[in-house]
Structure formats: structure tokens, C-alpha cells
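J.: Sharing work.cif below, mmCIF, C-alpha atoms (C1' of nucleotides):
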```
data_data
loop_
_atom_site.label_atom_id
_atom_site.label_comp_id
_atom_site.auth_asym_id
_atom_site.auth_seq_id
_atom_site.Cartn_x
_atom_site.Cartn_y
_atom_site.Cartn_z
CA MET A 1 -11.46 -2.95 -14.13
CA LYS A 2 -13.39 0.10 -13.00
CA TRP A 3 -16.79 -1.57 -12.96
CA ASP A 4 -18.25 1.45 -11.21
CA THR A 5 -17.99 3.59 -14.35
CA LEU A 6 -18.79 0.90 -16.89
CA ASP A 7 -22.24 2.44 -17.34
CA GLU A 8 -20.63 5.59 -18.77
CA GLU A 9 -18.51 3.93 -21.43
CA PRO A 10 -19.24 4.88 -25.03
CA CYS A 11 -20.66 1.41 -25.66
CA SER A 12 -24.26 0.37 -25.20
CA LEU A 13 -23.28 -3.19 -24.45
CA SER A 14 -20.98 -2.08 -21.64
CA ARG A 15 -23.70 0.09 -20.21
CA THR A 16 -26.16 -2.77 -20.19
CA VAL A 17 -23.58 -5.12 -18.75
CA ALA A 18 -22.96 -2.60 -15.98
CA VAL A 19 -26.58 -3.01 -14.90
CA VAL A 20 -27.56 -6.61 -15.63
CA GLY A 21 -24.25 -8.29 -16.38
CA ASP A 22 -23.93 -10.53 -13.39
CA ARG A 23 -25.35 -13.87 -12.53
CA TRP A 24 -27.45 -12.95 -9.53
CA THR A 25 -29.00 -9.94 -11.21
CA LEU A 26 -30.08 -12.02 -14.19
CA LEU A 27 -31.59 -14.66 -11.95
CA ILE A 28 -33.37 -12.01 -9.91
CA LEU A 29 -34.83 -10.57 -13.10
CA ARG A 30 -36.01 -14.02 -14.12
CA GLU A 31 -37.97 -14.18 -10.87
CA CYS A 32 -39.37 -10.70 -11.51
CA PHE A 33 -40.75 -11.84 -14.86
CA LEU A 34 -42.25 -14.83 -13.08
CA ARG A 35 -44.11 -12.36 -10.85
CA VAL A 36 -41.99 -12.64 -7.73
CA ARG A 37 -42.05 -9.28 -5.94
CA ARG A 38 -40.93 -9.71 -2.34
CA PHE A 39 -37.65 -10.08 -0.53
CA GLU A 40 -38.53 -13.45 0.99
CA GLY A 41 -39.82 -14.63 -2.37
CA PHE A 42 -36.55 -13.94 -4.13
CA GLN A 43 -34.53 -15.29 -1.26
CA SER A 44 -36.29 -18.61 -0.93
CA SER A 45 -36.57 -19.37 -4.63
CA LEU A 46 -32.99 -18.40 -5.47
CA GLN A 47 -31.15 -19.40 -2.29
CA ILE A 48 -29.20 -16.19 -2.63
CA THR A 49 -27.68 -14.81 0.53
CA ARG A 50 -29.78 -12.10 2.09
CA HIS A 51 -26.89 -9.71 1.96
CA LEU A 52 -26.40 -9.98 -1.78
CA LEU A 53 -30.10 -9.93 -2.49
CA SER A 54 -30.43 -6.71 -0.56
CA GLU A 55 -27.55 -5.18 -2.45
CA ARG A 56 -28.75 -6.27 -5.89
CA LEU A 57 -32.28 -5.05 -5.28
CA LYS A 58 -30.91 -1.66 -4.24
CA LYS A 59 -28.85 -1.50 -7.39
CA LEU A 60 -31.81 -2.38 -9.59
CA VAL A 61 -33.89 0.30 -7.88
CA ARG A 62 -31.06 2.81 -8.28
CA PHE A 63 -30.91 2.12 -12.00
CA GLY A 64 -34.67 2.45 -12.34
CA ILE A 65 -35.36 -1.17 -13.24
CA LEU A 66 -37.39 -1.93 -10.16
CA ARG A 67 -39.64 0.32 -8.07
CA ARG A 68 -39.77 -0.23 -4.32
CA VAL A 69 -43.45 0.07 -3.52
CA PRO A 70 -44.96 -0.15 -0.01
CA TYR A 71 -47.64 -2.80 0.34
CA SER A 72 -48.06 -2.51 4.09
CA GLU A 73 -47.82 0.37 6.56
CA ALA A 74 -47.07 -0.80 10.10
CA PRO A 75 -44.89 -2.66 9.75
CA LYS A 76 -43.51 -0.86 6.70
CA ARG A 77 -42.97 -3.45 4.01
CA TYR A 78 -42.07 -3.06 0.39
CA GLU A 79 -42.23 -5.04 -2.78
CA TYR A 80 -40.21 -4.70 -5.94
CA ILE A 81 -42.03 -4.09 -9.21
CA LEU A 82 -40.57 -3.92 -12.71
CA THR A 83 -40.70 -0.45 -14.22
CA GLN A 84 -41.11 0.03 -17.97
CA LYS A 85 -37.33 0.18 -18.21
CA GLY A 86 -37.26 -3.17 -16.42
CA LEU A 87 -40.00 -4.68 -18.59
CA ASP A 88 -37.95 -3.65 -21.61
CA LEU A 89 -35.31 -6.16 -20.50
CA TYR A 90 -37.67 -8.91 -21.63
CA PRO A 91 -36.03 -9.43 -25.03
CA ILE A 92 -32.67 -9.96 -23.32
CA ILE A 93 -34.10 -12.52 -20.93
CA MET A 94 -36.07 -14.27 -23.67
CA ALA A 95 -33.06 -14.34 -25.98
CA MET A 96 -31.10 -16.05 -23.22
CA VAL A 97 -33.90 -18.52 -22.54
CA HIS A 98 -34.13 -19.35 -26.22
CA TRP A 99 -30.39 -19.86 -26.58
CA GLY A 100 -30.49 -22.15 -23.56
CA ASP A 101 -33.40 -24.08 -25.06
CA THR A 102 -31.53 -24.48 -28.32
CA HIS A 103 -28.01 -25.20 -27.15
CA MET A 104 -28.09 -26.33 -23.56
CA GLY A 105 -31.02 -28.76 -23.61
CA ASP A 106 -30.92 -32.29 -22.30
CA GLU A 107 -32.96 -35.44 -22.98
CA ARG A 108 -35.74 -34.29 -20.67
CA GLY A 109 -36.95 -31.60 -23.07
CA ARG A 110 -37.60 -27.93 -22.45
CA PRO A 111 -38.05 -26.80 -18.89
CA LEU A 112 -40.66 -24.22 -19.84
CA LEU A 113 -42.96 -23.52 -22.75
CA HIS A 114 -44.08 -20.05 -23.78
CA GLU A 115 -47.49 -19.29 -25.16
CA HIS A 116 -48.24 -16.07 -27.00
CA LYS A 117 -51.64 -14.97 -25.70
CA THR A 118 -52.20 -12.83 -28.78
CA CYS A 119 -52.11 -15.73 -31.23
CA GLY A 120 -52.60 -18.60 -28.81
CA LYS A 121 -49.62 -20.59 -30.04
CA GLN A 122 -46.52 -21.93 -28.42
CA PHE A 123 -43.65 -19.89 -29.81
CA ASP A 124 -39.96 -19.07 -29.91
CA PRO A 125 -38.65 -15.53 -29.91
CA VAL A 126 -37.11 -14.40 -33.19
CA MET A 127 -35.04 -11.26 -33.68
CA VAL A 128 -35.84 -9.31 -36.81
CA CYS A 129 -34.79 -6.08 -38.52
CA SER A 130 -37.02 -3.15 -37.56
CA GLU A 131 -36.88 -1.92 -41.17
CA CYS A 132 -37.43 -4.95 -43.37
CA GLY A 133 -38.66 -7.55 -40.90
CA GLU A 134 -36.14 -10.18 -41.96
CA THR A 135 -34.54 -12.43 -39.35
CA LEU A 136 -31.23 -10.96 -38.23
CA HIS A 137 -27.91 -12.77 -38.50
CA ALA A 138 -24.58 -11.46 -37.27
CA LYS A 139 -22.95 -11.69 -40.68
CA GLN A 140 -25.56 -9.53 -42.37
CA VAL A 141 -24.95 -6.61 -40.09
CA HIS A 142 -22.44 -3.87 -40.68
CA VAL A 143 -21.40 -1.79 -37.70
CA HIS A 144 -20.16 1.76 -37.89
CA ALA A 145 -19.41 4.47 -35.36
CA GLY A 146 -22.31 6.69 -34.36
CA PRO A 147 -22.31 10.21 -32.93
CA GLY A 148 -21.51 8.96 -29.43
CA ARG A 149 -18.11 7.76 -30.51
CA LYS A 150 -15.07 8.74 -32.49
CA GLU A 151 -12.97 5.59 -32.67
CA MET A 152 -14.64 2.22 -32.85
CA THR A 153 -14.03 0.05 -29.83
CA GLY A 154 -17.35 -1.42 -28.81
CA LEU A 155 -20.85 -2.37 -29.85
CA MET B 1 -24.22 -20.94 -4.84
CA LYS B 2 -22.96 -23.96 -6.77
CA TRP B 3 -22.16 -22.05 -9.94
CA ASP B 4 -20.39 -25.12 -11.29
CA THR B 5 -23.65 -27.00 -11.80
CA LEU B 6 -25.79 -24.06 -12.86
CA ASP B 7 -25.67 -25.33 -16.45
CA GLU B 8 -27.59 -28.45 -15.43
CA GLU B 9 -30.49 -26.72 -13.72
CA PRO B 10 -33.94 -27.32 -15.21
CA CYS B 11 -34.05 -23.73 -16.43
CA SER B 12 -32.80 -22.48 -19.77
CA LEU B 13 -32.02 -19.07 -18.38
CA SER B 14 -29.81 -20.55 -15.66
CA ARG B 15 -28.02 -22.65 -18.24
CA THR B 16 -27.32 -19.64 -20.40
CA VAL B 17 -26.26 -17.59 -17.39
CA ALA B 18 -23.85 -20.37 -16.46
CA VAL B 19 -22.06 -19.81 -19.77
CA VAL B 20 -22.31 -16.10 -20.57
CA GLY B 21 -23.60 -14.61 -17.33
CA ASP B 22 -20.58 -12.63 -16.28
CA ARG B 23 -19.24 -9.26 -17.24
CA TRP B 24 -15.95 -10.30 -18.78
CA THR B 25 -17.49 -13.05 -20.86
CA LEU B 26 -20.05 -10.67 -22.32
CA LEU B 27 -17.39 -8.12 -23.15
CA ILE B 28 -15.21 -10.80 -24.72
CA LEU B 29 -18.14 -11.87 -26.87
CA ARG B 30 -18.67 -8.28 -27.95
CA GLU B 31 -15.11 -8.27 -29.22
CA CYS B 32 -15.68 -11.58 -31.00
CA PHE B 33 -18.61 -10.09 -32.90
CA LEU B 34 -16.37 -7.14 -33.77
CA ARG B 35 -13.99 -9.65 -35.38
CA VAL B 36 -11.34 -9.78 -32.69
CA ARG B 37 -9.80 -13.26 -32.67
CA ARG B 38 -6.47 -13.20 -30.85
CA PHE B 39 -5.33 -13.19 -27.26
CA GLU B 40 -3.45 -9.92 -27.55
CA GLY B 41 -6.38 -8.37 -29.36
CA PHE B 42 -8.80 -9.15 -26.56
CA GLN B 43 -6.32 -8.16 -23.92
CA SER B 44 -5.43 -4.78 -25.31
CA SER B 45 -8.94 -3.71 -26.24
CA LEU B 46 -10.52 -4.83 -22.98
CA GLN B 47 -7.72 -4.22 -20.48
CA ILE B 48 -8.67 -7.52 -18.90
CA THR B 49 -5.95 -9.24 -16.89
CA ARG B 50 -4.20 -11.92 -18.89
CA HIS B 51 -5.08 -14.48 -16.26
CA LEU B 52 -8.80 -13.92 -16.49
CA LEU B 53 -8.76 -13.68 -20.24
CA SER B 54 -7.02 -17.01 -20.46
CA GLU B 55 -9.54 -18.57 -18.12
CA ARG B 56 -12.58 -17.13 -19.87
CA LEU B 57 -11.38 -18.18 -23.31
CA LYS B 58 -10.86 -21.72 -22.04
CA LYS B 59 -14.35 -21.75 -20.66
CA LEU B 60 -15.86 -20.50 -23.91
CA VAL B 61 -13.95 -23.18 -25.82
CA ARG B 62 -15.07 -25.83 -23.33
CA PHE B 63 -18.70 -24.86 -23.87
CA GLY B 64 -18.30 -24.91 -27.64
CA ILE B 65 -18.81 -21.18 -28.19
CA LEU B 66 -15.33 -20.54 -29.53
CA ARG B 67 -13.00 -22.80 -31.50
CA ARG B 68 -9.25 -22.54 -30.85
CA VAL B 69 -7.76 -22.67 -34.34
CA PRO B 70 -4.02 -22.62 -35.13
CA TYR B 71 -2.99 -19.84 -37.48
CA SER B 72 0.74 -20.39 -37.18
CA GLU B 73 2.93 -23.45 -36.71
CA ALA B 74 6.32 -22.56 -35.22
CA PRO B 75 5.65 -20.85 -33.00
CA LYS B 76 2.30 -22.51 -32.39
CA ARG B 77 -0.25 -19.77 -32.16
CA TYR B 78 -4.01 -19.95 -32.00
CA GLU B 79 -6.96 -17.71 -32.60
CA TYR B 80 -10.47 -17.94 -31.26
CA ILE B 81 -13.35 -18.16 -33.70
CA LEU B 82 -17.05 -18.14 -32.96
CA THR B 83 -18.75 -21.47 -33.66
CA GLN B 84 -22.35 -21.61 -34.82
CA LYS B 85 -23.34 -21.99 -31.18
CA GLY B 86 -21.41 -18.81 -30.51
CA LEU B 87 -22.88 -16.96 -33.48
CA ASP B 88 -26.30 -17.87 -32.13
CA LEU B 89 -25.57 -15.64 -29.13
CA TYR B 90 -26.02 -12.66 -31.44
CA PRO B 91 -29.63 -11.97 -30.44
CA ILE B 92 -28.60 -11.81 -26.79
CA ILE B 93 -25.81 -9.35 -27.51
CA MET B 94 -27.98 -7.26 -29.82
CA ALA B 95 -30.83 -7.21 -27.32
CA MET B 96 -28.41 -5.87 -24.73
CA VAL B 97 -27.01 -3.28 -27.13
CA HIS B 98 -30.51 -2.14 -28.00
CA TRP B 99 -31.58 -1.84 -24.38
CA GLY B 100 -28.45 0.19 -23.71
CA ASP B 101 -29.20 2.43 -26.68
CA THR B 102 -32.73 2.96 -25.45
CA HIS B 103 -32.24 3.35 -21.72
CA MET B 104 -28.63 4.18 -21.01
CA GLY B 105 -27.93 6.79 -23.68
CA ASP B 106 -26.44 10.19 -23.05
CA GLU B 107 -26.47 13.49 -24.90
CA ARG B 108 -23.74 12.36 -27.27
CA GLY B 109 -26.03 9.97 -29.15
CA ARG B 110 -25.53 6.32 -29.97
CA PRO B 111 -22.03 4.91 -29.81
CA LEU B 112 -22.64 2.60 -32.76
CA LEU B 113 -25.07 2.32 -35.62
CA HIS B 114 -26.09 -0.96 -37.22
CA GLU B 115 -26.81 -1.39 -40.89
CA HIS B 116 -28.68 -4.38 -42.24
CA LYS B 117 -26.80 -5.35 -45.39
CA THR B 118 -29.83 -7.19 -46.72
CA CYS B 119 -32.06 -4.11 -46.87
CA GLY B 120 -29.40 -1.42 -46.64
CA LYS B 121 -31.05 0.45 -43.79
CA GLN B 122 -30.00 1.46 -40.32
CA PHE B 123 -32.09 -0.66 -37.97
CA ASP B 124 -32.96 -1.71 -34.45
CA PRO B 125 -33.47 -5.32 -33.46
CA VAL B 126 -37.06 -6.28 -32.67
CA MET B 127 -38.15 -9.49 -31.00
CA VAL B 128 -41.18 -11.12 -32.56
CA CYS B 129 -43.27 -14.27 -32.12
CA SER B 130 -42.11 -17.10 -34.37
CA GLU B 131 -45.73 -18.05 -35.03
CA CYS B 132 -47.59 -14.82 -35.74
CA GLY B 133 -44.74 -12.35 -36.26
CA GLU B 134 -46.09 -9.81 -33.78
CA THR B 135 -43.71 -7.90 -31.52
CA LEU B 136 -43.37 -9.68 -28.18
CA HIS B 137 -44.19 -8.07 -24.84
CA ALA B 138 -43.74 -9.71 -21.45
CA LYS B 139 -47.39 -9.30 -20.49
CA GLN B 140 -48.65 -11.13 -23.57
CA VAL B 141 -46.74 -14.29 -22.76
CA HIS B 142 -48.01 -17.13 -20.64
CA VAL B 143 -45.44 -19.50 -19.23
CA HIS B 144 -46.10 -23.11 -18.34
CA ALA B 145 -43.98 -26.06 -17.33
CA GLY B 146 -42.57 -28.16 -20.16
CA PRO B 147 -41.41 -31.79 -20.19
CA GLY B 148 -38.06 -30.88 -18.62
CA ARG B 149 -39.71 -29.81 -15.42
CA LYS B 150 -42.35 -30.81 -12.93
CA GLU B 151 -42.70 -27.84 -10.63
CA MET B 152 -42.33 -24.33 -12.00
CA THR B 153 -39.34 -22.48 -10.65
CA GLY B 154 -37.61 -20.86 -13.57
CA LEU B 155 -37.85 -19.62 -17.12
"C1'" DA C 1 -45.31 -12.78 27.34
"C1'" DG C 2 -43.86 -15.74 23.67
"C1'" DC C 3 -44.05 -17.25 18.70
"C1'" DT C 4 -44.13 -16.22 13.84
"C1'" DA C 5 -43.58 -13.51 9.52
"C1'" DT C 6 -41.15 -10.07 6.90
"C1'" DA C 7 -37.25 -7.33 5.58
"C1'" DG C 8 -33.40 -6.42 6.20
"C1'" DT C 9 -27.99 -5.75 8.53
"C1'" DT C 10 -23.67 -7.49 10.42
"C1'" DC C 11 -19.92 -10.61 10.87
"C1'" DT C 12 -16.08 -13.92 9.38
"C1'" DA C 13 -14.27 -17.29 6.12
"C1'" DA C 14 -13.73 -18.62 1.44
"C1'" DA C 15 -13.45 -17.57 -3.43
"C1'" DA C 16 -12.68 -14.54 -7.33
"C1'" DT C 17 -10.30 -10.66 -9.42
"C1'" DA C 18 -6.62 -7.10 -10.15
"C1'" DG C 19 -2.11 -5.98 -11.22
"C1'" DA C 20 2.24 -6.93 -12.16
"C1'" DA C 21 6.00 -9.94 -13.23
"C1'" DC C 22 7.63 -14.06 -15.36
"C1'" DT C 23 8.09 -18.07 -19.12
"C1'" DG C 24 8.80 -19.91 -23.66
"C1'" DT C 25 8.96 -19.85 -28.76
"C1'" DC C 26 10.42 -18.00 -32.78
"C1'" DA C 27 11.55 -14.05 -36.36
"C1'" DA C 28 13.89 -9.99 -37.48
"C1'" DA C 29 17.40 -6.53 -36.55
"C1'" DT C 30 22.16 -5.24 -34.93
"C1'" DA D 1 25.79 -14.45 -32.26
"C1'" DT D 2 23.22 -11.75 -29.45
"C1'" DT D 3 19.57 -8.67 -28.56
"C1'" DT D 4 14.90 -7.10 -29.31
"C1'" DG D 5 10.20 -7.67 -30.00
"C1'" DA D 6 5.71 -10.05 -30.82
"C1'" DC D 7 2.64 -13.46 -29.18
"C1'" DA D 8 0.30 -16.53 -25.94
"C1'" DG D 9 0.05 -17.63 -22.10
"C1'" DT D 10 1.29 -18.85 -16.48
"C1'" DT D 11 2.41 -17.59 -11.75
"C1'" DC D 12 2.36 -14.73 -7.77
"C1'" DT D 13 0.44 -11.60 -3.99
"C1'" DA D 14 -2.92 -8.08 -2.52
"C1'" DT D 15 -7.55 -6.56 -2.75
"C1'" DT D 16 -12.41 -7.16 -3.47
"C1'" DT D 17 -16.53 -9.94 -3.63
"C1'" DT D 18 -19.33 -13.59 -2.18
"C1'" DA D 19 -21.03 -17.37 0.95
"C1'" DG D 20 -23.03 -18.71 5.08
"C1'" DA D 21 -24.73 -18.00 9.26
"C1'" DA D 22 -26.30 -15.22 12.99
"C1'" DC D 23 -28.46 -11.07 14.54
"C1'" DT D 24 -31.95 -6.84 14.59
"C1'" DA D 25 -36.35 -4.67 14.25
"C1'" DT D 26 -41.48 -4.19 13.78
"C1'" DA D 27 -45.85 -5.92 14.41
"C1'" DG D 28 -49.76 -9.41 14.47
"C1'" DC D 29 -51.53 -13.56 16.72
"C1'" DT D 30 -52.43 -16.79 20.78
#
```
Kindly return the structure encoded in the file as C-alpha cells.

T.:
Amino acid sequence: MKWDTLDEEPCSLSRTVAVVGDRWTLLILRECFLRVRRFEGFQSSLQITRHLLSERLKKLVRFGILRRVPYSEAPKRYEYILTQKGLDLYPIIMAMVHWGDTHMGDERGRPLLHEHKTCGKQFDPVMVCSECGETLHAKQVHVHAGPGRKEMTGL
Amino acid sequence: MKWDTLDEEPCSLSRTVAVVGDRWTLLILRECFLRVRRFEGFQSSLQITRHLLSERLKKLVRFGILRRVPYSEAPKRYEYILTQKGLDLYPIIMAMVHWGDTHMGDERGRPLLHEHKTCGKQFDPVMVCSECGETLHAKQVHVHAGPGRKEMTGL
DNA sequence: AGCTATAGTTCTAAAATAGAACTGTCAAAT
DNA sequence: ATTTGACAGTTCTATTTTAGAACTATAGCT
């Protein structure tokens, strides 16, 4: 496939997959949300090869998900900070964490617990309809082509 | 990396990534939610090589996300149906679609629109706290180690 | 001058993917 | 009775990606 133009397909899922649809990128983003910011930090916690880490970070910067911000002049050193576009990936990451909690758990229990500072409780993420607030299920959703598409061949 | 044992890591994100963390798998799942069920259907709409499609479908069946159901004896033919575990991936897919709609759009407008049959309106998915119902934002969440983990190195 | 920390780049071997052709079963058409 | 076509894969080679390790560069510290 022409993965290099996947981000221009008339399908929002394809476009997202073009940016975050590989294993290393998702794991790097996990570290970002856990407040890792530096090259050595990513490298040592993920055991990713330096080459690939360098490449993935460049790609995330190119797509505007991370900002490369200097934190030291002489020697010039940079750290990688989530932009708003990057922070907006949180529902994707949390949805994946929640699915893993639900369907891939073992006898040891959940690896991590999430506390909502606003209400103080331990929570799970729930996806709801922006209009009526009801929990969303695949079967209650009808999909139809929008302006960005003639024929229907994607999500 | 040892991608073959990623699904046993003490991290729910890793475990999910082990199953759906590659481009073809995500695109195959998109087709599943668009009601594609058969080998030829996936192959022709995705232009994936038959080899990879075969391999990915096997993997999804192995992980219990699709069921391989016969729809014809003589010749034996099968179709691939989402299980409940598979249907539960919907929030992940929708979160990705929504991020794409928001951040990867072009002048042509959205490729697809989603209608919530329950309320009849065109909607966006929103991720809320299961306890208080408020919209979730990364910065309002505090993460701490659960029973499935001693040290904290994941989500 | 030598050691360490940080942030990469370069190199080769191994693994994954692309692309096309091939296999096998059966139904319908000639 | 033989050919054609649909379906669901499998097999093969060439190309691309990734793994793993070593190397480069800048600067502070002793």
C-alpha cells in the first residue's frame, strides 16, 4: 500500500491511522501522557532502537503532535511536548487502555488505576453521544457519506 | 522488540496494541464495522495483499475479536463476524475517526457523518468519566499503579 | 586529559510486506 | 463434458522496514 498518502484518503480513520497507527508510535504516545519528554527517557523505558525513536519523534513533530522545545543551550538539547493536537489523542489512548483492562486482563488485576481529579473517584472512560449523552454502541449508529466523499468506502 | 509477548505486559495499552496496533488490522476493523464480512470483500475494498489479509484475519480470530462462521457448505466458505469483544473496540475506532475529523480534515468536509439512531441526531463521540459524567481531559486524570503492577511503567 | 550525559546517526542482518501467480472446490454456462 | 467464474485462501520472490549494535558530536565535571 501507499502508506505515504494514507493521510489524504477520504476517510478520517485512515488519516488517523496514517499518523498513530503503528505500535511504536502508540507506545511513544503512552510515554508522553506519562510525562516522558526526552529522547533518553523514551529510549530507556521502551527499549526502542535509537534509530526508530528518532524517526518516530520526527514524524510526530511533522504532524504537529509533538513540539520540539529546547531546554538547554550549549549543548543544544530538546524535549518533546504534546501539542493540543497531541493532547486530543487522549480519548484514543484511554479507549485502548480501557479495552485492554476489560478484555486482556489477567489474574493480577489492573496494571493502572485512573483517578478523575475533578470528582475524586476512580473511573473508566465511557463514550457518549455529544447530542443526547447516551452511551454509544456500534449498532445504534447509522453511517452516511458526508461532503468529503461521494461513494462510501470508509469511516 | 518481542512483539509476540506484548499482550502479556503489565500494561493495558500494550496489550491492546498487541492486538489492534497495526495499520492493516485497524483498517480491517473499519471494514468490519461497515458490515464487510468476507475475504473477497476485505481484499477488494482495502487492496491488501491476500497473504496479509489471511494472516490478520487469523490473528483476529485467535484473539477472539472475529468469529469464523460458515455460510456455505459445499464449497465450505466462511465469513468473519465481530464478537462482543470485537464490538467493544468501537470506542477506539470512533475516537480515531473523531480525531481525524477534527485534526486531519481538508476543505472538502467530513468524509462520513454519524447519526445516533436513539436520538436521531448527527453526533460526535465524547469521552466522559463513568463516575461523574464530565468530559475527560488528560490533565484532569491522575494515574497510579494498580494491583497488576508494582513499579509504574505504563498506562 | 579523560569520563560521563545527552541526542542523535550510521551500518548490517533479520523480519515483515508487496505483488503477483498458483491451488482447490463447486456452480452455472456453453 | 468442458470451460468459465466466484470464492477463499497459499506460495513464491523482491522490496521495505526494523533490530541491534556501534559510532559521532557537544559540553560539563574531576

J.: Between CA of Thr49 in chain A and CA of Trp24 in chain A, what is the distance, to one decimal in Å?

T.: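 Those two atoms sit 10.2 Å apart.
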
J.: Decode the PyMOL selection byres ((chain B) within 7 of (chain A)) for the given file into explicit residues and return them as a PyMOL selection string.

T.: chain B and resi 10-13+15-17+21-23+30+85+87+89-92+95-97+99-101+103-104+108-119+121+123-132+138+140-149+155

J.: The selected residues should be written to file as a compact mmCIF listing (two decimals), in the coordinates of the input (atoms: C-alpha atoms).

T.:
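Output saved as out-v6.txt:
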```
# COMPACT_ATOMS: atom_id res chain seq x y z
CA PRO B 10 -33.94 -27.32 -15.21
CA CYS B 11 -34.05 -23.73 -16.43
CA SER B 12 -32.80 -22.48 -19.77
CA LEU B 13 -32.02 -19.07 -18.38
CA ARG B 15 -28.02 -22.65 -18.24
CA THR B 16 -27.32 -19.64 -20.40
CA VAL B 17 -26.26 -17.59 -17.39
CA GLY B 21 -23.60 -14.61 -17.33
CA ASP B 22 -20.58 -12.63 -16.28
CA ARG B 23 -19.24 -9.26 -17.24
CA ARG B 30 -18.67 -8.28 -27.95
CA LYS B 85 -23.34 -21.99 -31.18
CA LEU B 87 -22.88 -16.96 -33.48
CA LEU B 89 -25.57 -15.64 -29.13
CA TYR B 90 -26.02 -12.66 -31.44
CA PRO B 91 -29.63 -11.97 -30.44
CA ILE B 92 -28.60 -11.81 -26.79
CA ALA B 95 -30.83 -7.21 -27.32
CA MET B 96 -28.41 -5.87 -24.73
CA VAL B 97 -27.01 -3.28 -27.13
CA TRP B 99 -31.58 -1.84 -24.38
CA GLY B 100 -28.45 0.19 -23.71
CA ASP B 101 -29.20 2.43 -26.68
CA HIS B 103 -32.24 3.35 -21.72
CA MET B 104 -28.63 4.18 -21.01
CA ARG B 108 -23.74 12.36 -27.27
CA GLY B 109 -26.03 9.97 -29.15
CA ARG B 110 -25.53 6.32 -29.97
CA PRO B 111 -22.03 4.91 -29.81
CA LEU B 112 -22.64 2.60 -32.76
CA LEU B 113 -25.07 2.32 -35.62
CA HIS B 114 -26.09 -0.96 -37.22
CA GLU B 115 -26.81 -1.39 -40.89
CA HIS B 116 -28.68 -4.38 -42.24
CA LYS B 117 -26.80 -5.35 -45.39
CA THR B 118 -29.83 -7.19 -46.72
CA CYS B 119 -32.06 -4.11 -46.87
CA LYS B 121 -31.05 0.45 -43.79
CA PHE B 123 -32.09 -0.66 -37.97
CA ASP B 124 -32.96 -1.71 -34.45
CA PRO B 125 -33.47 -5.32 -33.46
CA VAL B 126 -37.06 -6.28 -32.67
CA MET B 127 -38.15 -9.49 -31.00
CA VAL B 128 -41.18 -11.12 -32.56
CA CYS B 129 -43.27 -14.27 -32.12
CA SER B 130 -42.11 -17.10 -34.37
CA GLU B 131 -45.73 -18.05 -35.03
CA CYS B 132 -47.59 -14.82 -35.74
CA ALA B 138 -43.74 -9.71 -21.45
CA GLN B 140 -48.65 -11.13 -23.57
CA VAL B 141 -46.74 -14.29 -22.76
CA HIS B 142 -48.01 -17.13 -20.64
CA VAL B 143 -45.44 -19.50 -19.23
CA HIS B 144 -46.10 -23.11 -18.34
CA ALA B 145 -43.98 -26.06 -17.33
CA GLY B 146 -42.57 -28.16 -20.16
CA PRO B 147 -41.41 -31.79 -20.19
CA GLY B 148 -38.06 -30.88 -18.62
CA ARG B 149 -39.71 -29.81 -15.42
CA LEU B 155 -37.85 -19.62 -17.12
```

J.: List the neighbours of DT16 in chain D out to 10 Å using all atoms listed in the file; skip same-chain residues closer than 3 positions along the sequence, and give me the result as a ChimeraX atom specification.

T.: /C:16-18

J.: When you look at DA8 in chain D with a cut-off of 10 Å (counting all atoms listed in the file), what residues show up, excluding the ones that are within fewer than 2 positions of it in the same chain? I need them as JSON, numbers by chain.

T.: {"B": [38, 39, 40, 50, 54, 75, 76, 77, 78, 79], "C": [24, 25], "D": [6, 10]}

J.: Evaluating the PyMOL selection byres ((chain D) within 9 of (chain A)) on the displayed file yields which residues, as a list in words?

T.: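 Selected by the PyMOL selection byres ((chain D) within 9 of (chain A)) in this file: DT18, DA19, DG20, DT26 and DA27 of chain D.
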
J.: Using C1' of DT3 in chain D and CA of Gly41 in chain B as the two end points, give the distance in Å to one decimal.

T.: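 Result for C1' of DT3 in chain D versus CA of Gly41 in chain B: 26.0 Å, one decimal.
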
J.: Out of A:Leu66, A:Ile81, A:Leu60, A:Leu53, which residue has the shortest atom-to-atom distance to chain C when counting only C-alpha atoms (C1' of nucleotides)?

T.: A:Leu53

J.: What's the separation between CA of Ser44 in chain B and CA of Thr83 in chain B, in Å to one decimal place?

T.: 22.9 Å

J.: Quick check on the file I pasted: which residues fall under the PyMOL selection byres ((chain C and resi 1) around 12)? Write them as a PyMOL selection string.

T.: (chain C and resi 2-3) or (chain D and resi 30)

J.: Check the smallest atom-to-atom distance from each of B:Glu73, B:Thr5, B:Leu57, B:Ile28 to chain C using all atoms listed in the file, then report the winner.

T.: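 Distance minimum relative to chain C lands on B:Glu73.
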
J.: Show me the residues close to (-31.7, -8.6, 16.9) - anything with an atom within 12 Å, counting all atoms listed in the file - and format the list as number ranges by chain.

T.: C: 8-10; D: 22-26
